[in-house]
Amino acid sequence: MPLLNSRFWGLVPLLFFALKAWQYRAPADLPQLFWFCNASNLVLAAAIFFRARNLIFICAVLLAIGLPIWVFDFIAHGDFHIFSVFTHVVSPLLGFLLARRLGWTSEVLWQAPVYYVLLQLLARALTPAELNINVAFAVYAPVKALFPAFWLYSLLNLAGLFIFTALAHRMLHRDAR
């Protein structure tokens with residue numbers, strides 16, 4: 001499909017990141033841009049522009065894994081914004097379509113957890129603890145009673161990401177050329 005060969009597809013997640021930046025334009029809200037989904041839109045745009053095949057797949061995985069979390073959060077708190085639909089539905093679909101077209105390597109199996117940890121470390125270094133961006137400081141409040149320790153919660157999140165990445169890799173697999 002020649003249409004999917006265009007690097008200009010990178011403008012789509014870049015636009016979605018710009019919309020979220022506009023949504024969080026108040027100085028107190030700027031740390032919200034460090035959420036996995038928002039950061040992954042920006043990284044996905046760069047990955048598409050530079051044809052970083054593994055990174056396209058990894059961002060699609062992180063954005064897809066965020067969809068049920070966002071839906072749960074929306075149901076629990078009623079905070080709906082159309083920009084979030086773009087981020088949590090359109091971006092991962094675009095990422096997986098482009099990844100399927102371009103291919104990726106099995107190195108994504110270790111690269112995705114590394115990307116995840118890097119985003120958590122950035123959130124921990126650059127955002128206030130009370131916002132708990134990327135659950136970098138504490139267990140996600142609605143499930144806090146299920147986890148006796150933050151390190152266990154973090155380890156299970158990492159394991160879940162690895163399993164989801166492995167399943168997506170296996171189901172959608174196409175080696176990079």
# chains A, B, ... in the order shown; residues from 1 in each chain; ligands from 1
$ closest_atom_pairs --of "range 59-93 of chain A" --to "range 11-24 of chain A" --cutoff "9 Å" --atoms "only C-alpha atoms" --output "tab-separated table"
residue	atom	partner	partner_atom	distance
A:Phe83	CA	A:Lys20	CA	6.6
A:Ser84	CA	A:Lys20	CA	8.0
A:Phe86	CA	A:Phe16	CA	6.5
A:Thr87	CA	A:Phe16	CA	6.3
A:Val90	CA	A:Pro13	CA	8.6
A:Ser91	CA	A:Pro13	CA	6.0
$ residues_around --residues "Ala39 in chain A" --least-positions-apart "6" --cutoff "10 Å" --atoms "only C-alpha atoms" --output "ChimeraX atom specification"
/A:17,32-33,59,63,119
$ closest_residue --among "A:Leu98, A:Ala76, A:Ala129, A:Leu156" --to "Trp9 in chain A" --atoms "only C-alpha atoms"
A:Leu98
$ closest_residue --among "A:Ala112, A:Ile69, A:Cys37, A:Leu126" --to "Leu158 in chain A" --atoms "only C-alpha atoms"
A:Ala112
$ atom_distance --atom1 "CA of Gly103 in chain A" --atom2 "CA of Leu44 in chain A"
14.8 Å
$ closest_atom_pairs --of "range 32-68 of chain A" --to "range 133-153 of chain A" --cutoff "9 Å" --atoms "only C-alpha atoms" --output "JSON lines"
{"residue": "A:Gln32", "atom": "CA", "partner": "A:Ile133", "partner_atom": "CA", "distance": 7.1}
{"residue": "A:Phe34", "atom": "CA", "partner": "A:Ile133", "partner_atom": "CA", "distance": 6.9}
{"residue": "A:Trp35", "atom": "CA", "partner": "A:Asn134", "partner_atom": "CA", "distance": 5.6}
{"residue": "A:Phe36", "atom": "CA", "partner": "A:Asn134", "partner_atom": "CA", "distance": 6.2}
$ residues_around --residues "His88 in chain A" --least-positions-apart "6" --cutoff "10 Å" --atoms "only C-alpha atoms" --output "count of residues only"
14
$ atom_distance --atom1 "CA of Trp110 in chain A" --atom2 "CA of Asn132 in chain A"
24.7 Å
$ atom_distance --atom1 "CA of Glu107 in chain A" --atom2 "CA of Phe162 in chain A"
11.8 Å
$ closest_residue --among "A:Ala168, A:Ala46, A:Leu109, A:Val117" --to "Phe96 in chain A" --atoms "only C-alpha atoms"
A:Ala168
